[in-house]
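Note sheet for the following structure.
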Amino acid sequence: MPHQNRFLGWENPGKALITGASAGIGLSFAKQLAQKGFDLILLARRKDRLESAAKKLESDYRIRCEIIAADLSDMDQIEKTADLIYTIEGLDVLINNAGFATIGPFAGVPLEKSMRMFHLHATACVMLTHAVLEGMLRRRRGAIINLSSVAAFALTPGNVMYDATKAFVKTFSENLQLEMEDADVRIQALCPGFTRTEFHEVGDFIHFDRREIPDPLWMSSDRVVSLSLKALENKRKTVFIPGWKNRFYVWLLQHSAVVRSIVQDSVKKRSQKKR
Ligand SMILES: NC(=O)c1ccc[n+]([C@@H]2O[C@H](COP(=O)([O-])OP(=O)(O)OC[C@H]3O[C@@H](n4cnc5c(N)ncnc54)[C@H](OP(=O)(O)O)[C@@H]3O)[C@@H](O)[C@H]2O)c1
């Protein structure tokens with residue numbers, strides 16, 4: 001397939017590293033960046049999935065694709081990954097995407113699980129971002145997309161760590177972009193709503209029935225990613241919410257106490273059902 005070059009006006013696409021690239025939104029980023037000609041480094045825990053994705057991407061898009069099998073909820077493995085990233089030349093794009101959700105009140109979720117989420121969503125995002133920035137600032141080109149969520153705008157009991165870590169990612173990205181203003185490095189906090197991926201099929205969500213959420217509120221991961229990359233190219237807002245329905249939902253969350261309480265009740269019910 002021919003490459004659609006000149007992403008962000010760059011002469012030659014360099015390398016892109018995507019965490020959580022074995023499924024869902026991360027895999028969509030991998031495909032769309034490969035289509036733009038980037039060589040890829042795919043990171044996730046499931047090595048077999050990464051190997052087959054890498055093979056297919058290499059043959060479909062004539063790019064080079066490496067893999068890193070690592071668990072970014074583990075401090076040691078985050079440190080090792082960051083150390084490795086400092087040594088990679090020409091890393092122009094970083095997508096901090098890997099993530100998961102839990103169901104249940106904070107005190108009821110094992111602390112170890114909450115800390116794993118904290119490390120995956122927050123610590124890994126901070127350390128990997130720090131590791132790529134040195135090279136990006138030196139070369140005066142780079143793009144970092146950090147996966148936040150519409151949950152960053154919500155306060156939902158039963159989802160305390162998820163809301164809080166996604167809010168951290170949003171604020172971290174927004175503030176970092178202010179520091180990057182003269183540096184030709186673009187940062188985005190991507191805040192999707194319900195997206196059809198494996199997210200609602202793994203861990204605590206294994207018994208989640210997608211039909212609980214009306215069909216028109218779901219987006220495909222390919223659509224989320226194409227809107228995100230377009231927004232980055234067009235220098236749209238650092239905090240980017242894909243799709244008008246998601247933007248309207250966030251507006252309602254911010255302006256309507258009734259909507260806030262409906263959302264809080266539904267998350268609370270789900271968290272009680274699980275116990
Ligand atoms: N789907 C939604 O409705 C939605 C909405 C808003 C925001 N998001 C955010 O979007 C991001 C991607 O989620 P998704 O919907 O694409 O979910 P997904 O289909 O479940 O994919 C999650 C990815 O993260 C990887 N991952 C999970 N734990 C990991 C760990 N400890 N270390 C390394 N990699 C890990 C998984 O691979 P392995 O299992 O192979 O490690 C997988 O590649 C997440 O940050 C999520 O919070 C999702």
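By convention in this document, the chains of the structure tokens carry letters A, B, ... by their order, each chain's residues are numbered from 1, and ligands are numbered from 1 in the order they are shown.
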### Query
So which residues are near ligand 1, meaning at most 7 Å away with only C-alpha atoms and all ligand atoms counted, given back as a VMD selection string?
chain A and resid 19 to 26 43 to 46 49 70 to 73 97 to 101 120 to 121 147 to 150 191 to 200 202
What would the file look like if the residues just selected were written as a PDB file, in the first residue's frame with C-alpha atoms?
ATOM      1  CA  THR A  19       1.928   1.200  24.040  1.00  0.00           C
ATOM      2  CA  GLY A  20      -1.052  -1.136  24.237  1.00  0.00           C
ATOM      3  CA  ALA A  21      -0.613  -1.930  20.549  1.00  0.00           C
ATOM      4  CA  SER A  22      -1.858  -5.523  20.680  1.00  0.00           C
ATOM      5  CA  ALA A  23      -5.548  -4.524  20.515  1.00  0.00           C
ATOM      6  CA  GLY A  24      -8.142  -1.774  20.226  1.00  0.00           C
ATOM      7  CA  ILE A  25      -7.157   1.871  19.948  1.00  0.00           C
ATOM      8  CA  GLY A  26      -3.410   1.086  20.060  1.00  0.00           C
ATOM      9  CA  LEU A  43       4.523  -2.538  23.088  1.00  0.00           C
ATOM     10  CA  ALA A  44       2.123  -4.688  25.138  1.00  0.00           C
ATOM     11  CA  ARG A  45       2.246  -7.817  27.338  1.00  0.00           C
ATOM     12  CA  ARG A  46       0.982 -10.407  24.813  1.00  0.00           C
ATOM     13  CA  ARG A  49      -0.323 -10.809  19.437  1.00  0.00           C
ATOM     14  CA  ALA A  70       6.500  -5.513  28.703  1.00  0.00           C
ATOM     15  CA  ASP A  71       4.077  -5.002  31.553  1.00  0.00           C
ATOM     16  CA  LEU A  72       3.866  -1.242  32.126  1.00  0.00           C
ATOM     17  CA  SER A  73       1.967  -1.629  35.373  1.00  0.00           C
ATOM     18  CA  ASN A  97      -2.217   4.265  25.176  1.00  0.00           C
ATOM     19  CA  ALA A  98      -2.112   1.072  27.299  1.00  0.00           C
ATOM     20  CA  GLY A  99      -4.832   1.013  29.936  1.00  0.00           C
ATOM     21  CA  PHE A 100      -7.536  -0.932  31.727  1.00  0.00           C
ATOM     22  CA  ALA A 101     -10.484  -0.331  34.048  1.00  0.00           C
ATOM     23  CA  LEU A 120       0.147   2.035  33.848  1.00  0.00           C
ATOM     24  CA  HIS A 121      -1.872   5.221  33.314  1.00  0.00           C
ATOM     25  CA  LEU A 147      -4.836   8.408  26.227  1.00  0.00           C
ATOM     26  CA  SER A 148      -7.137  10.091  28.683  1.00  0.00           C
ATOM     27  CA  SER A 149     -10.926   9.638  28.543  1.00  0.00           C
ATOM     28  CA  VAL A 150     -14.225  11.456  28.955  1.00  0.00           C
ATOM     29  CA  CYS A 191     -10.392  11.718  25.536  1.00  0.00           C
ATOM     30  CA  PRO A 192     -12.623   9.121  23.855  1.00  0.00           C
ATOM     31  CA  GLY A 193     -16.023   8.009  25.056  1.00  0.00           C
ATOM     32  CA  PHE A 194     -17.359   4.462  24.593  1.00  0.00           C
ATOM     33  CA  THR A 195     -15.144   2.810  21.979  1.00  0.00           C
ATOM     34  CA  ARG A 196     -15.614  -0.731  20.616  1.00  0.00           C
ATOM     35  CA  THR A 197     -12.413  -2.527  21.662  1.00  0.00           C
ATOM     36  CA  GLU A 198     -11.466  -5.340  24.050  1.00  0.00           C
ATOM     37  CA  PHE A 199     -11.589  -2.841  26.933  1.00  0.00           C
ATOM     38  CA  HIS A 200     -15.098  -3.917  27.983  1.00  0.00           C
ATOM     39  CA  VAL A 202     -11.276  -8.024  29.937  1.00  0.00           C
TER      40      VAL A 202
END
### Message
When you count only C-alpha atoms, which of these residues is closest to A:Arg247: A:Ala69, A:Leu190, A:Met161, A:Pro214?
### Response
A:Leu190
Closest atom pairs, stretch 63-92 of chain A residues within 12 Å of stretch 28-38 of chain A, only C-alpha atoms, as a Markdown table:
| residue | atom | partner | partner_atom | distance |
| --- | --- | --- | --- | --- |
| A:Ile63 | CA | A:Gly37 | CA | 6.5 |
| A:Arg64 | CA | A:Phe38 | CA | 8.1 |
| A:Cys65 | CA | A:Ala34 | CA | 9.1 |
| A:Glu66 | CA | A:Ala30 | CA | 11.6 |
| A:Ile67 | CA | A:Ala30 | CA | 11.7 |
| A:Gly90 | CA | A:Phe38 | CA | 10.7 |
| A:Leu91 | CA | A:Phe38 | CA | 9.9 |
| A:Asp92 | CA | A:Phe38 | CA | 9.1 |
Keeping N, CA and C atoms, export the residues of the selection given above as a short mmCIF file (atom, residue, chain, number, x, y, z; two decimals), in the first residue's frame.
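Written out: part_3.cif:
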data_model
loop_
_atom_site.label_atom_id
_atom_site.label_comp_id
_atom_site.auth_asym_id
_atom_site.auth_seq_id
_atom_site.Cartn_x
_atom_site.Cartn_y
_atom_site.Cartn_z
N ILE A 63 6.82 -1.28 6.01
CA ILE A 63 7.53 -0.52 7.05
C ILE A 63 8.30 -1.54 7.90
N ARG A 64 9.15 -1.02 8.81
CA ARG A 64 9.80 -1.92 9.78
C ARG A 64 9.05 -1.87 11.10
N CYS A 65 8.93 -3.01 11.72
CA CYS A 65 8.13 -3.06 12.95
C CYS A 65 8.86 -3.92 13.99
N GLU A 66 9.17 -3.29 15.12
CA GLU A 66 9.78 -4.05 16.23
C GLU A 66 8.75 -4.20 17.34
N ILE A 67 9.01 -5.13 18.23
CA ILE A 67 8.07 -5.28 19.35
C ILE A 67 8.81 -5.25 20.70
N GLY A 90 15.68 8.84 16.60
CA GLY A 90 14.63 9.16 15.63
C GLY A 90 13.22 8.78 16.04
N LEU A 91 12.98 8.74 17.35
CA LEU A 91 11.62 8.43 17.81
C LEU A 91 10.79 9.71 17.78
N ASP A 92 9.93 9.84 16.76
CA ASP A 92 9.20 11.09 16.54
C ASP A 92 7.80 11.09 17.13
#
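Between atom CA of A:Thr129 and atom CA of A:Tyr162 the separation is 20.0 Å.
For the atom pair formed by atom CA of A:Ile95 and atom CA of A:Ala16, the distance is 7.7 Å, given to one decimal.
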For A:Gly142, find every residue with an atom within 7 Å (counting only C-alpha atoms), except residues of its own chain fewer than 4 positions away, and show them as a JSON list (two decimals) with C-alpha atoms, in the first residue's frame.
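Full text of part_22.json as output:
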[["chain", "number", "residue", "atom", "x", "y", "z"],
["A", 92, "ASP", "CA", 9.20, 11.09, 16.54],
["A", 93, "VAL", "CA", 5.88, 9.82, 17.85],
["A", 136, "MET", "CA", 12.32, 15.42, 20.21],
["A", 184, "ASP", "CA", 7.72, 22.11, 17.53],
["A", 185, "VAL", "CA", 6.60, 19.23, 19.73],
["A", 186, "ARG", "CA", 2.86, 18.62, 19.83]]
### Task
Name all residues at most 8 Å from A:Ala82 (count only C-alpha atoms; drop same-chain ones fewer than 4 positions away) and give them as a ChimeraX atom specification.
/A:78,86,127-128,131
Please produce a file of the residues just selected, as a compact mmCIF listing (two decimals), in the first residue's frame, where the atoms kept are C-alpha atoms.
# COMPACT_ATOMS: atom_id res chain seq x y z
CA ILE A 78 8.56 0.80 33.20
CA TYR A 86 16.42 6.99 25.79
CA MET A 127 8.50 8.24 32.40
CA LEU A 128 8.08 7.34 28.72
CA ALA A 131 12.44 9.51 27.81
Skipping near chain neighbours, those fewer than 5 positions away, what residues fall within 9 Å of A:Asp204 using only C-alpha atoms, listed as a CSV table (one decimal) with C-alpha atoms, in the first residue's frame?
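Output contents, as saved in part14.csv:
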chain,number,residue,atom,x,y,z
A,101,ALA,CA,-10.5,-0.3,34.0
A,102,THR,CA,-11.7,-1.8,37.3
A,103,ILE,CA,-15.2,-2.0,38.7
A,104,GLY,CA,-15.9,-1.4,42.4
A,274,LYS,CA,-20.1,-6.8,40.8
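Using only C-alpha atoms, the shortest contact distance between A:Leu217 and any of A:Ala154, A:Lys235, A:Ala164, A:Lys245 is found at A:Lys245.
Within stretch 144-185 of chain A, the backbone-based DSSP assignment of strand (DSSP E or B) covers Ile144, Ile145, Asn146, Leu147 and Val185 of chain A.
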### Task
Check the smallest atom-to-atom distance from each of A:Leu229, A:Val160, A:Cys125, A:Leu40 to A:Ser173 using only C-alpha atoms, then report the winner.
A:Cys125
So that I can see what lies close to A:Asp163, please list as a PDB file with C-alpha atoms, in the first residue's frame the residues with an atom at most 8 Å from it, counting only C-alpha atoms and leaving out residues fewer than 2 positions away in the same chain.
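Output file around_34.pdb is given in full below:
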ATOM      1  CA  ALA A 151     -13.924   9.945  32.452  1.00  0.00           C
ATOM      2  CA  ALA A 152     -11.334  12.666  33.160  1.00  0.00           C
ATOM      3  CA  PHE A 153     -14.250  15.116  33.335  1.00  0.00           C
ATOM      4  CA  ALA A 154     -16.348  12.968  35.661  1.00  0.00           C
ATOM      5  CA  LEU A 155     -16.520  12.112  39.334  1.00  0.00           C
ATOM      6  CA  THR A 156     -18.077   8.658  39.527  1.00  0.00           C
ATOM      7  CA  ASN A 159     -14.509   4.448  39.264  1.00  0.00           C
ATOM      8  CA  VAL A 160     -12.277   6.525  41.521  1.00  0.00           C
ATOM      9  CA  MET A 161      -8.825   5.459  40.294  1.00  0.00           C
ATOM     10  CA  THR A 165      -5.583   8.755  36.621  1.00  0.00           C
ATOM     11  CA  LYS A 166      -7.277   9.920  33.407  1.00  0.00           C
ATOM     12  CA  ALA A 167      -7.647  13.430  34.897  1.00  0.00           C
TER      13      ALA A 167
END
### Members of stretch 88-268 of chain A assigned alpha helix (DSSP H) by DSSP, as a PyMOL selection string
chain A and resi 111-118+124-139+160-179+221-233+244-255+257-268
